[in-house]
file work-v5.cif (mmCIF, C-alpha atoms)
data_query
#
loop_
_atom_site.label_atom_id
_atom_site.label_comp_id
_atom_site.auth_asym_id
_atom_site.auth_seq_id
_atom_site.Cartn_x
_atom_site.Cartn_y
_atom_site.Cartn_z
CA MET R 98 25.23 -9.37 -18.49
CA THR R 99 24.82 -13.04 -19.43
CA LYS R 100 24.89 -14.21 -23.04
CA LYS R 101 21.32 -15.48 -22.72
CA ASN R 102 20.09 -12.09 -21.47
CA THR R 103 21.90 -10.35 -24.31
CA ARG R 104 20.31 -12.66 -26.87
CA ASP R 105 16.83 -12.31 -25.29
CA TYR R 106 17.16 -8.52 -25.20
CA LEU R 107 18.08 -8.33 -28.88
CA ASN R 108 15.23 -10.65 -29.82
CA SER R 109 12.57 -8.77 -27.82
CA SER R 110 13.54 -5.19 -28.72
CA ILE R 111 13.40 -3.10 -31.88
CA GLN R 112 16.19 -0.82 -33.04
CA LEU R 113 15.28 2.69 -34.20
CA GLY R 114 18.37 4.67 -35.10
CA ASP R 115 21.04 4.07 -32.46
CA VAL R 116 18.59 3.14 -29.68
CA ARG R 117 16.65 -0.06 -29.01
CA TYR R 118 13.04 0.06 -27.81
CA LYS R 119 10.38 -2.21 -26.40
CA PHE R 120 6.71 -1.53 -27.02
CA ARG R 121 3.59 -2.74 -25.26
CA PHE R 122 -0.06 -2.27 -26.21
CA LEU R 123 -2.13 -0.93 -23.28
CA PRO R 124 -5.84 -1.21 -24.10
CA LYS R 125 -8.54 0.47 -22.00
CA ILE R 126 -12.25 -0.21 -22.39
CA ASN R 127 -15.09 1.51 -20.52
CA ALA R 128 -18.67 0.53 -21.25
CA SER R 129 -22.06 1.15 -19.62
CA PHE R 130 -25.50 -0.26 -20.38
CA PRO R 131 -28.83 1.01 -19.01
CA ILE R 132 -30.85 -2.02 -17.86
CA ALA R 133 -33.77 -0.17 -16.25
CA GLU R 134 -35.03 3.39 -15.96
CA ASN R 135 -32.84 4.11 -12.93
CA GLN R 136 -30.22 1.36 -13.19
CA MET R 137 -27.00 1.09 -15.16
CA LEU R 138 -24.57 -1.79 -15.57
CA TYR R 139 -20.96 -0.78 -16.25
CA PHE R 140 -17.73 -2.56 -17.11
CA ASN R 141 -14.12 -1.34 -17.05
CA TYR R 142 -11.05 -3.12 -18.42
CA GLY R 143 -7.54 -1.80 -18.72
CA HIS R 144 -3.82 -2.48 -18.82
CA SER R 145 -1.16 -0.40 -17.10
CA THR R 146 2.57 -0.79 -16.49
CA ILE R 147 5.10 0.07 -13.80
CA LEU R 148 8.66 0.60 -15.02
CA PRO R 149 11.42 -1.30 -13.16
CA HIS R 150 13.69 0.69 -10.87
CA PRO R 151 16.94 1.71 -12.62
CA SER R 152 18.93 -0.16 -9.94
CA PHE R 153 17.39 -3.38 -11.30
CA VAL R 154 18.52 -2.65 -14.87
CA TYR R 155 21.99 -1.07 -15.01
CA PRO R 156 24.37 -2.13 -12.16
CA GLY R 157 27.41 -4.26 -12.89
CA LEU R 158 27.02 -4.59 -16.65
CA ASN R 159 30.71 -3.75 -17.11
CA PRO R 160 32.78 -6.63 -15.61
CA LEU R 161 35.51 -4.17 -14.56
CA TYR R 162 33.10 -2.36 -12.23
CA GLN R 163 31.10 -5.24 -10.75
CA ASP R 164 30.25 -5.38 -7.07
CA ARG R 165 32.25 -8.28 -5.61
CA SER R 166 30.22 -8.74 -2.41
CA THR R 167 28.21 -11.92 -1.66
CA ILE R 168 25.34 -12.33 -4.14
CA ALA R 169 25.93 -8.82 -5.49
CA ASN R 170 23.41 -7.25 -7.84
CA LEU R 171 23.71 -7.55 -11.61
CA GLY R 172 21.54 -5.42 -13.86
CA ASN R 173 19.14 -6.93 -16.36
CA PRO R 174 18.51 -4.65 -19.38
CA ASN R 175 15.95 -7.18 -20.64
CA LEU R 176 13.76 -6.63 -17.57
CA ASN R 177 10.16 -5.89 -18.57
CA PRO R 178 7.78 -3.53 -16.77
CA GLU R 179 5.30 -5.02 -14.34
CA VAL R 180 1.90 -5.22 -15.99
CA ASP R 181 -1.43 -4.69 -14.23
CA ILE R 182 -4.56 -6.03 -15.91
CA SER R 183 -7.70 -4.84 -14.13
CA TYR R 184 -11.37 -5.66 -14.51
CA GLU R 185 -14.41 -4.12 -12.84
CA ILE R 186 -18.11 -4.78 -13.21
CA GLY R 187 -20.77 -2.94 -11.28
CA LEU R 188 -24.37 -1.84 -10.97
CA ARG R 189 -25.47 1.72 -10.23
CA SER R 190 -29.02 2.27 -9.01
CA GLN R 191 -30.80 5.55 -8.35
CA ILE R 192 -33.25 4.62 -5.60
CA THR R 193 -34.80 8.09 -5.26
CA ASN R 194 -33.86 11.58 -6.39
CA ASN R 195 -31.71 11.83 -3.26
CA ASP R 196 -30.39 8.27 -2.87
CA ALA R 197 -28.03 6.18 -5.02
CA LEU R 198 -26.50 2.74 -4.51
CA THR R 199 -23.49 1.18 -6.26
CA ILE R 200 -22.36 -2.43 -6.05
CA SER R 201 -19.20 -3.53 -7.87
CA ALA R 202 -16.72 -6.39 -8.08
CA PHE R 203 -13.14 -5.89 -9.20
CA TRP R 204 -9.96 -7.84 -9.67
CA LYS R 205 -6.45 -6.96 -10.75
CA ASP R 206 -3.74 -9.33 -11.94
CA LYS R 207 -0.13 -8.21 -11.75
CA TYR R 208 2.04 -10.08 -14.27
CA ASP R 209 5.79 -10.01 -14.84
CA PHE R 210 6.18 -9.23 -11.15
CA ILE R 211 9.87 -8.46 -10.58
CA THR R 212 11.66 -10.96 -8.36
CA SER R 213 15.23 -12.13 -7.72
CA ALA R 214 17.26 -15.09 -8.93
CA VAL R 215 20.89 -16.17 -8.67
CA VAL R 216 23.01 -16.60 -11.81
CA LEU R 217 26.64 -17.51 -12.49
CA VAL R 218 28.59 -14.97 -14.56
CA LYS R 219 32.25 -14.51 -15.33
CA ASP R 220 34.08 -11.70 -13.59
CA PHE R 221 36.90 -9.68 -15.13
CA GLN R 222 39.35 -12.52 -14.39
CA GLY R 223 37.15 -15.09 -16.12
CA ARG R 224 36.03 -16.85 -12.93
CA ASP R 225 32.42 -17.96 -12.37
CA VAL R 226 30.84 -15.88 -9.58
CA SER R 227 27.30 -15.72 -8.16
CA ARG R 228 25.27 -12.61 -8.83
CA THR R 229 21.69 -11.63 -8.01
CA ILE R 230 19.67 -10.61 -11.04
CA ARG R 231 16.11 -9.28 -11.22
CA ILE R 232 13.79 -11.25 -13.46
CA ASN R 233 10.10 -11.20 -14.40
CA SER R 234 8.64 -14.23 -12.72
CA ASP R 235 6.26 -13.79 -9.79
CA TYR R 236 2.73 -12.55 -9.94
CA ALA R 237 0.20 -11.05 -7.55
CA ARG R 238 -3.52 -10.49 -7.73
CA SER R 239 -6.16 -8.47 -5.97
CA ARG R 240 -9.88 -9.09 -5.98
CA GLY R 241 -12.74 -7.70 -3.99
CA ILE R 242 -16.20 -6.19 -3.80
CA GLU R 243 -17.36 -2.67 -2.97
CA LEU R 244 -20.64 -1.24 -1.78
CA GLY R 245 -21.28 2.49 -2.03
CA TYR R 246 -24.25 4.61 -0.96
CA ILE R 247 -24.87 8.32 -1.58
CA LYS R 248 -27.44 10.39 0.32
CA ARG R 249 -28.61 13.97 -0.17
CA ILE R 250 -30.99 15.95 2.02
CA GLY R 251 -32.11 19.27 0.58
CA ALA R 252 -29.32 21.77 0.00
CA TRP R 253 -27.77 21.36 3.45
CA TYR R 254 -26.46 17.77 3.52
CA ASN R 255 -24.52 15.44 1.25
CA GLY R 256 -23.00 12.19 2.44
CA GLN R 257 -21.71 8.88 1.26
CA LEU R 258 -20.30 5.64 2.58
CA ALA R 259 -18.16 2.96 0.98
CA LEU R 260 -17.49 -0.55 2.26
CA THR R 261 -14.76 -2.57 0.54
CA TYR R 262 -13.56 -6.13 1.04
CA THR R 263 -10.39 -7.17 -0.79
CA VAL R 264 -7.95 -10.08 -0.86
CA ASN R 265 -4.39 -9.55 -2.10
CA THR R 266 -2.22 -12.60 -2.68
CA GLY R 267 0.95 -13.37 -4.60
CA GLN R 268 4.25 -15.20 -4.59
CA SER R 269 6.39 -12.46 -3.03
CA ALA R 270 5.87 -8.90 -1.92
CA SER R 271 8.97 -7.54 -3.64
CA ALA R 272 12.22 -8.49 -5.30
CA ASN R 273 14.06 -7.68 -2.07
CA GLU R 274 11.84 -10.09 -0.13
CA LYS R 275 12.70 -12.87 -2.57
CA LEU R 276 16.39 -12.01 -2.13
CA LYS R 277 16.02 -12.53 1.64
CA ASP R 278 14.60 -15.99 0.96
CA ILE R 279 17.56 -16.79 -1.28
CA LEU R 280 20.07 -15.69 1.37
CA ALA R 281 18.23 -17.52 4.17
CA SER R 282 17.44 -20.85 2.56
CA GLY R 283 18.61 -20.87 -1.05
CA ASN R 284 15.02 -21.08 -2.30
CA VAL R 285 14.56 -19.56 -5.72
CA GLU R 286 11.36 -21.31 -6.81
CA ASP R 287 8.06 -21.10 -4.98
CA THR R 288 4.70 -21.35 -6.68
CA LYS R 289 2.65 -21.00 -3.49
CA GLU R 290 0.57 -17.84 -3.03
CA TYR R 291 0.71 -15.87 0.19
CA TYR R 292 -1.11 -12.83 1.52
CA MET R 293 0.65 -9.63 0.55
CA PRO R 294 1.88 -7.37 3.37
CA TRP R 295 -0.23 -4.49 2.04
CA ASP R 296 -3.43 -6.57 2.16
CA MET R 297 -6.05 -4.89 4.35
CA PRO R 298 -9.26 -6.89 3.91
CA TYR R 299 -11.82 -4.42 5.25
CA ASP R 300 -12.10 -0.72 4.52
CA PHE R 301 -15.11 1.35 5.60
CA LYS R 302 -15.25 5.07 4.83
CA THR R 303 -17.89 7.72 5.38
CA ASN R 304 -17.96 11.43 4.65
CA HIS R 305 -20.55 14.06 5.44
CA VAL R 306 -20.88 17.63 4.20
CA PHE R 307 -23.17 20.05 6.06
CA LYS R 308 -23.73 23.50 4.57
CA LEU R 309 -25.46 26.53 6.11
CA ASP R 310 -26.28 29.29 3.67
CA ARG R 311 -29.66 30.78 4.56
CA LYS R 312 -31.13 34.23 4.30
CA HIS R 313 -31.43 34.76 8.06
CA GLY R 314 -29.06 32.07 9.38
CA LEU R 315 -29.79 29.01 11.52
CA PHE R 316 -32.40 29.68 14.23
CA GLY R 317 -32.48 33.27 13.03
CA LYS R 318 -28.87 33.83 14.18
CA SER R 319 -26.91 35.70 11.55
CA TRP R 320 -23.57 34.42 12.85
CA LEU R 321 -24.77 30.83 12.33
CA ASN R 322 -24.68 31.22 8.58
CA LYS R 323 -22.37 30.85 5.60
CA MET R 324 -20.62 27.88 7.16
CA SER R 325 -19.74 24.37 6.04
CA PHE R 326 -18.68 21.27 7.97
CA TYR R 327 -16.87 18.33 6.42
CA PHE R 328 -16.56 15.20 8.58
CA GLU R 329 -14.84 12.01 7.41
CA THR R 330 -14.25 8.67 9.14
CA VAL R 331 -12.06 5.74 8.12
CA THR R 332 -12.15 2.26 9.66
CA ARG R 333 -9.67 -0.18 8.17
CA SER R 334 -8.08 -3.54 8.88
CA GLY R 335 -4.67 -3.32 10.48
CA VAL R 336 -1.25 -4.17 9.07
CA ARG R 337 -0.54 -7.78 8.16
CA TYR R 338 2.35 -9.52 9.90
CA THR R 339 3.97 -12.93 10.28
CA PRO R 340 3.48 -14.17 13.85
CA TYR R 341 6.35 -15.12 16.16
CA LEU R 342 6.34 -18.09 18.53
CA PHE R 343 7.93 -18.62 21.94
CA ASP R 344 11.15 -20.62 21.60
CA ARG R 345 13.06 -20.61 24.89
CA ILE R 346 14.36 -18.59 27.82
CA ASP R 347 17.83 -17.17 27.24
CA ALA R 348 20.11 -18.75 29.85
CA GLN R 349 22.33 -15.68 30.15
CA THR R 350 19.80 -12.86 30.39
CA GLY R 351 16.57 -14.66 31.31
CA ARG R 352 14.87 -13.03 28.32
CA PRO R 353 12.04 -14.96 26.61
CA ILE R 354 13.07 -15.62 23.01
CA TYR R 355 10.47 -15.46 20.25
CA VAL R 356 11.28 -16.61 16.73
CA VAL R 357 9.33 -16.33 13.48
CA ASN R 358 6.76 -19.04 12.82
CA PRO R 359 8.58 -21.37 10.37
CA SER R 360 5.40 -22.62 8.70
CA PRO R 361 5.07 -21.39 5.09
CA ASP R 362 1.37 -20.79 5.72
CA ALA R 363 2.22 -18.32 8.50
CA ARG R 364 3.70 -15.69 6.17
CA TRP R 365 1.62 -12.48 6.53
CA SER R 366 -1.20 -14.65 7.92
CA LYS R 367 -2.21 -12.37 10.81
CA VAL R 368 -3.78 -8.91 10.83
CA GLY R 369 -2.90 -6.31 13.45
CA GLU R 370 -5.27 -4.04 15.34
CA TYR R 371 -7.74 -2.19 13.12
CA TRP R 372 -7.25 1.47 12.27
CA PHE R 373 -9.74 4.23 12.93
CA TRP R 374 -9.49 7.97 12.50
CA ALA R 375 -11.78 10.91 11.83
CA ASP R 376 -11.08 14.25 10.13
CA LEU R 377 -13.04 17.46 10.50
CA THR R 378 -12.92 20.68 8.50
CA VAL R 379 -14.98 23.75 9.49
CA THR R 380 -15.18 26.71 7.11
CA LYS R 381 -16.77 30.12 7.69
CA TRP R 382 -16.96 32.63 4.87
CA TRP R 383 -17.98 36.24 4.29
CA GLN R 384 -18.97 37.75 0.98
CA THR R 385 -18.33 41.42 0.21
CA LYS R 386 -18.80 43.45 -2.91
CA TYR R 387 -15.19 42.98 -3.97
CA ALA R 388 -14.01 39.68 -2.47
CA LYS R 389 -14.90 36.52 -0.61
CA PHE R 390 -13.09 35.85 2.66
CA SER R 391 -13.03 32.47 4.39
CA PHE R 392 -11.53 31.06 7.55
CA ASN R 393 -11.13 27.33 8.07
CA VAL R 394 -10.01 24.92 10.75
CA GLN R 395 -8.83 21.48 9.69
CA ILE R 396 -8.36 18.76 12.31
CA THR R 397 -6.98 15.37 11.29
CA ASN R 398 -7.38 12.38 13.61
CA VAL R 399 -9.89 14.30 15.74
CA PHE R 400 -10.01 11.69 18.52
CA ASP R 401 -6.21 11.22 18.56
CA ASN R 402 -6.42 7.47 17.95
CA LEU R 403 -3.20 5.44 18.11
CA ASN R 404 -3.14 3.36 14.91
CA ALA R 405 -0.30 0.86 14.77
CA SER R 406 1.84 1.06 11.62
CA ILE R 407 4.75 -1.05 12.93
CA ILE R 408 3.46 -4.26 14.45
CA ASN R 409 5.12 -6.20 17.22
CA PRO R 410 4.67 -9.70 15.74
CA VAL R 411 4.61 -11.25 19.21
CA THR R 412 1.52 -9.33 20.37
CA GLY R 413 -0.08 -8.21 17.09
CA LYS R 414 -0.09 -4.61 18.34
CA ALA R 415 2.30 -1.67 18.41
CA TYR R 416 4.99 -2.08 21.05
CA GLN R 417 4.16 -0.95 24.57
CA ASN R 418 6.47 -0.94 27.58
CA GLY R 419 6.68 -4.40 29.07
CA ASP R 420 5.79 -6.33 25.91
CA ASN R 421 7.80 -9.31 24.75
CA VAL R 422 9.46 -8.72 21.38
CA PRO R 423 11.09 -10.82 18.61
CA ASP R 424 14.63 -12.11 19.09
CA SER R 425 15.92 -9.62 16.50
CA TRP R 426 14.62 -6.62 18.49
CA SER R 427 16.30 -5.14 21.52
CA ASP R 428 14.31 -5.46 24.75
CA PRO R 429 14.80 -2.59 27.24
CA ARG R 430 14.08 -5.00 30.11
CA TYR R 431 17.08 -7.19 29.32
CA VAL R 432 20.62 -6.00 28.66
CA ASP R 433 22.37 -8.33 26.23
CA PRO R 434 26.09 -7.52 25.88
CA ARG R 435 26.23 -9.70 22.76
CA LEU R 436 23.95 -7.32 20.86
CA GLY R 437 25.21 -4.02 22.23
CA ASN R 438 23.51 -1.16 20.43
CA SER R 439 23.17 -2.99 17.10
CA ALA R 440 19.43 -3.63 17.44
CA PRO R 441 17.13 -0.58 17.31
CA PRO R 442 14.90 0.09 20.34
CA PRO R 443 11.23 -0.94 19.96
CA THR R 444 9.99 2.49 21.10
CA ASN R 445 10.18 3.95 17.59
CA PRO R 446 7.59 6.79 17.52
CA ALA R 447 6.82 5.88 13.89
CA ARG R 448 5.10 2.72 15.16
CA TYR R 449 1.91 4.80 15.16
CA LEU R 450 0.32 6.76 12.33
CA ALA R 451 0.09 10.54 12.65
CA GLN R 452 -1.77 11.70 15.72
CA ARG R 453 -4.07 14.72 16.03
CA HIS R 454 -3.03 17.65 13.85
CA ILE R 455 -4.69 21.08 13.62
CA VAL R 456 -4.27 23.54 10.74
CA LEU R 457 -5.75 27.06 10.54
CA GLY R 458 -6.16 28.83 7.22
CA VAL R 459 -7.40 32.08 5.71
CA ASN R 460 -8.43 32.44 2.06
CA VAL R 461 -9.20 35.53 0.05
CA LYS R 462 -10.82 35.24 -3.38
CA PHE R 463 -11.32 38.30 -5.59
#

call {"tool": "encode", "arguments": {"input": "work-v5.cif", "output": "structure tokens"}}
result
Amino acid sequence: MTKKNTRDYLNSSIQLGDVRYKFRFLPKINASFPIAENQMLYFNYGHSTILPHPSFVYPGLNPLYQDRSTIANLGNPNLNPEVDISYEIGLRSQITNNDALTISAFWKDKYDFITSAVVLVKDFQGRDVSRTIRINSDYARSRGIELGYIKRIGAWYNGQLALTYTVNTGQSASANEKLKDILASGNVEDTKEYYMPWDMPYDFKTNHVFKLDRKHGLFGKSWLNKMSFYFETVTRSGVRYTPYLFDRIDAQTGRPIYVVNPSPDARWSKVGEYWFWADLTVTKWWQTKYAKFSFNVQITNVFDNLNASIINPVTGKAYQNGDNVPDSWSDPRYVDPRLGNSAPPPTNPARYLAQRHIVLGVNVKF
């Protein structure tokens, strides 16, 4: 631990008994104001924190037990939690007794984002050595708008839809990402904002609940009664990725070589194929004098859509046989004795989200 960190920690903490503490005030405000008979304006404001991982705080504080590898980690006990400050303002309108509309805008600022820096410290022999330390420096922010609509029809249908558009930008996605930049280029300062890898601009969800509970059943059929159907759909922007560009043809194997786009503006600039899935749950119940029995079938990803979770940055899609791949991936079409088996194959089944899944269940309620 550096002398400066020690001094900063003592100055920013309070000692109670034998332990030192840090405190932070986390206000939360929720307010609503009726502006018309069937309209309400609301506002939400709040602070929240995320504690740093212990591996960012404690490693290597004793010089006798420091990791001596290149740019090894050094803990920072003065590391502060990441702080989220969120705001939301919206308008709720009841159009009819069975229809409601909500429009809202929101933004969230993440301060004291944990990132990496290189410092010189003395090892147990008194020599100056480079160590990687986590510090509070970067920031990220999210802002967007949301439109929601709720519909009810009698006692047999309830449904709603929600459309969200968001933009997530920041200086780095994680402390480990910043460490990669340090190892690759020595860059430790960068004030430019980039899209975050978790940024998915569009998100459209719908859900529908149909309920049959009539005296004589649907169409007079007693077996078409005491049933419910829940159907949900999700359409969402795909995973962000940094595109790769064609560089050359490898003279030894004939393989086309693709390398990452070196432009700073290219980082996480592209969005992969959109996601879509639908879930269905069907429930049938029977009521007796002593208990209620129900049987349900739950099907996730009803249409068995292939949603890419690991993007091939050359094509913008999940890998398929015959696709060109980045230079750091192995390509089954070309055998490169220089790589051997060090590079994983691109046919990782986890490159897609979960496919169709069916669950059957029985419930008994007394």

call {"tool": "residues_around", "arguments": {"input": "work-v5.cif", "residues": "Ser319 (chain R)", "least_positions_apart": "5", "cutoff": "12 Å", "atoms": "only C-alpha atoms", "output": "PyMOL selection string"}}
result
chain R and resi 309-314+324+383

call {"tool": "write_last_selection", "arguments": {"input": "work-v5.cif", "atoms": "C-alpha atoms", "output": "PDB file, in the coordinates of the input"}}
result
ATOM      1  CA  LEU R 309     -25.460  26.530   6.110  1.00  0.00           C
ATOM      2  CA  ASP R 310     -26.280  29.290   3.670  1.00  0.00           C
ATOM      3  CA  ARG R 311     -29.660  30.780   4.560  1.00  0.00           C
ATOM      4  CA  LYS R 312     -31.130  34.230   4.300  1.00  0.00           C
ATOM      5  CA  HIS R 313     -31.430  34.760   8.060  1.00  0.00           C
ATOM      6  CA  GLY R 314     -29.060  32.070   9.380  1.00  0.00           C
ATOM      7  CA  MET R 324     -20.620  27.880   7.160  1.00  0.00           C
ATOM      8  CA  TRP R 383     -17.980  36.240   4.290  1.00  0.00           C
TER       9      TRP R 383
END

call {"tool": "closest_residue", "arguments": {"input": "work-v5.cif", "among": "R:Val357, R:Lys289, R:Val306, R:Ala202", "to": "Ala252 (chain R)", "atoms": "all atoms listed in the file"}}
result
R:Val306

call {"tool": "atom_distance", "arguments": {"input": "work-v5.cif", "atom1": "CA of Thr212 (chain R)", "atom2": "CA of Arg337 (chain R)"}}
result
20.8 Å

call {"tool": "resolve_selection", "arguments": {"input": "work-v5.cif", "expression": "the PyMOL selection byres ((chain R and resi 421) around 8)", "output": "number ranges by chain"}}
result
R: 353, 411-412, 419-420, 422-423, 428

call {"tool": "atom_distance", "arguments": {"input": "work-v5.cif", "atom1": "CA of Ile182 (chain R)", "atom2": "CA of Thr332 (chain R)"}}
result
27.9 Å

call {"tool": "closest_residue", "arguments": {"input": "work-v5.cif", "among": "R:His144, R:Arg231, R:Lys462, R:Arg430", "to": "Gly351 (chain R)", "atoms": "all atoms listed in the file"}}
result
R:Arg430

call {"tool": "resolve_selection", "arguments": {"input": "work-v5.cif", "expression": "the PyMOL selection byres ((chain R and resi 354) around 9)", "output": "list in words"}}
result
Leu342, Phe343, Asp344, Arg345, Ile346, Asp347, Arg352, Pro353, Tyr355, Val356, Asn421, Val422, Pro423 and Asp424 of chain R

call {"tool": "residues_around", "arguments": {"input": "work-v5.cif", "residues": "region 120-122 of chain R", "least_positions_apart": "6", "cutoff": "12 Å", "atoms": "all atoms listed in the file", "output": "MDAnalysis selection string"}}
result
chainID R and resid 109:113 143:148 177:180 182

call {"tool": "write_last_selection", "arguments": {"input": "work-v5.cif", "atoms": "C-alpha atoms", "output": "PDB file, in the frame of the given file"}}
result
ATOM      1  CA  SER R 109      12.570  -8.770 -27.820  1.00  0.00           C
ATOM      2  CA  SER R 110      13.540  -5.190 -28.720  1.00  0.00           C
ATOM      3  CA  ILE R 111      13.400  -3.100 -31.880  1.00  0.00           C
ATOM      4  CA  GLN R 112      16.190  -0.820 -33.040  1.00  0.00           C
ATOM      5  CA  LEU R 113      15.280   2.690 -34.200  1.00  0.00           C
ATOM      6  CA  GLY R 143      -7.540  -1.800 -18.720  1.00  0.00           C
ATOM      7  CA  HIS R 144      -3.820  -2.480 -18.820  1.00  0.00           C
ATOM      8  CA  SER R 145      -1.160  -0.400 -17.100  1.00  0.00           C
ATOM      9  CA  THR R 146       2.570  -0.790 -16.490  1.00  0.00           C
ATOM     10  CA  ILE R 147       5.100   0.070 -13.800  1.00  0.00           C
ATOM     11  CA  LEU R 148       8.660   0.600 -15.020  1.00  0.00           C
ATOM     12  CA  ASN R 177      10.160  -5.890 -18.570  1.00  0.00           C
ATOM     13  CA  PRO R 178       7.780  -3.530 -16.770  1.00  0.00           C
ATOM     14  CA  GLU R 179       5.300  -5.020 -14.340  1.00  0.00           C
ATOM     15  CA  VAL R 180       1.900  -5.220 -15.990  1.00  0.00           C
ATOM     16  CA  ILE R 182      -4.560  -6.030 -15.910  1.00  0.00           C
TER      17      ILE R 182
END

call {"tool": "atom_distance", "arguments": {"input": "work-v5.cif", "atom1": "CA of Val459 (chain R)", "atom2": "CA of Phe390 (chain R)"}}
result
7.5 Å

call {"tool": "resolve_selection", "arguments": {"input": "work-v5.cif", "expression": "the PyMOL selection byres ((chain R and resi 416) around 9)", "output": "PyMOL selection string"}}
result
chain R and resi 405+407-409+412-415+417-422+443-445+448

call {"tool": "residues_around", "arguments": {"input": "work-v5.cif", "residues": "Asn170 (chain R)", "least_positions_apart": "2", "cutoff": "6 Å", "atoms": "all atoms listed in the file", "output": "ChimeraX atom specification"}}
result
/R:228-230

call {"tool": "residues_around", "arguments": {"input": "work-v5.cif", "residues": "Asn460 (chain R)", "least_positions_apart": "5", "cutoff": "12 Å", "atoms": "only C-alpha atoms", "output": "list in words"}}
result
Thr380, Lys381, Trp382, Trp383, Gln384, Ala388, Lys389, Phe390, Ser391, Phe392, Asn393 and Val394 of chain R

call {"tool": "closest_residue", "arguments": {"input": "work-v5.cif", "among": "R:Arg364, R:Arg240, R:His150, R:Lys248", "to": "Ala197 (chain R)", "atoms": "only C-alpha atoms"}}
result
R:Lys248

call {"tool": "residues_around", "arguments": {"input": "work-v5.cif", "residues": "Val331 (chain R)", "least_positions_apart": "5", "cutoff": "9 Å", "atoms": "all atoms listed in the file", "output": "mmCIF file with C-alpha atoms, in the frame of the given file"}}
result
data_model
loop_
_atom_site.group_PDB
_atom_site.id
_atom_site.type_symbol
_atom_site.label_atom_id
_atom_site.label_comp_id
_atom_site.auth_asym_id
_atom_site.auth_seq_id
_atom_site.Cartn_x
_atom_site.Cartn_y
_atom_site.Cartn_z
ATOM 1 C CA ASP R 300 -12.100 -0.720 4.520
ATOM 2 C CA PHE R 301 -15.110 1.350 5.600
ATOM 3 C CA LYS R 302 -15.250 5.070 4.830
ATOM 4 C CA THR R 303 -17.890 7.720 5.380
ATOM 5 C CA ASN R 304 -17.960 11.430 4.650
ATOM 6 C CA TRP R 372 -7.250 1.470 12.270
ATOM 7 C CA PHE R 373 -9.740 4.230 12.930
ATOM 8 C CA TRP R 374 -9.490 7.970 12.500
ATOM 9 C CA ALA R 375 -11.780 10.910 11.830
ATOM 10 C CA ASP R 376 -11.080 14.250 10.130
#

call {"tool": "closest_residue", "arguments": {"input": "work-v5.cif", "among": "R:Phe153, R:Tyr236, R:Phe328, R:Tyr338", "to": "Asp209 (chain R)", "atoms": "all atoms listed in the file"}}
result
R:Tyr236

call {"tool": "closest_residue", "arguments": {"input": "work-v5.cif", "among": "R:Gly256, R:Pro410, R:Gly187, R:Gly172", "to": "Tyr139 (chain R)", "atoms": "all atoms listed in the file"}}
result
R:Gly187

call {"tool": "build_atoms", "arguments": {"input": "work-v5.cif", "residues": "region 377-388 of chain R", "atoms": "N, CA and C atoms", "output": "compact mmCIF listing (two decimals), keeping the file's coordinate frame"}}
result
# COMPACT_ATOMS: atom_id res chain seq x y z
N LEU R 377 -12.00 16.44 10.48
CA LEU R 377 -13.04 17.46 10.50
C LEU R 377 -12.49 18.76 9.92
N THR R 378 -13.27 19.37 9.04
CA THR R 378 -12.92 20.68 8.50
C THR R 378 -14.13 21.60 8.64
N VAL R 379 -13.93 22.75 9.29
CA VAL R 379 -14.98 23.75 9.49
C VAL R 379 -14.57 25.01 8.73
N THR R 380 -15.47 25.53 7.91
CA THR R 380 -15.18 26.71 7.11
C THR R 380 -16.27 27.76 7.33
N LYS R 381 -15.85 28.98 7.56
CA LYS R 381 -16.77 30.12 7.69
C LYS R 381 -16.35 31.17 6.68
N TRP R 382 -17.33 31.67 5.88
CA TRP R 382 -16.96 32.63 4.87
C TRP R 382 -17.84 33.88 4.93
N TRP R 383 -17.29 34.95 4.37
CA TRP R 383 -17.98 36.24 4.29
C TRP R 383 -17.87 36.75 2.86
N GLN R 384 -18.95 37.25 2.36
CA GLN R 384 -18.97 37.75 0.98
C GLN R 384 -19.13 39.26 1.01
N THR R 385 -18.22 39.97 0.35
CA THR R 385 -18.33 41.42 0.21
C THR R 385 -18.51 41.75 -1.27
N LYS R 386 -18.61 43.01 -1.54
CA LYS R 386 -18.80 43.45 -2.91
C LYS R 386 -17.60 43.13 -3.78
N TYR R 387 -16.41 43.11 -3.18
CA TYR R 387 -15.19 42.98 -3.97
C TYR R 387 -14.47 41.64 -3.78
N ALA R 388 -14.76 40.92 -2.72
CA ALA R 388 -14.01 39.68 -2.47
C ALA R 388 -14.79 38.77 -1.53
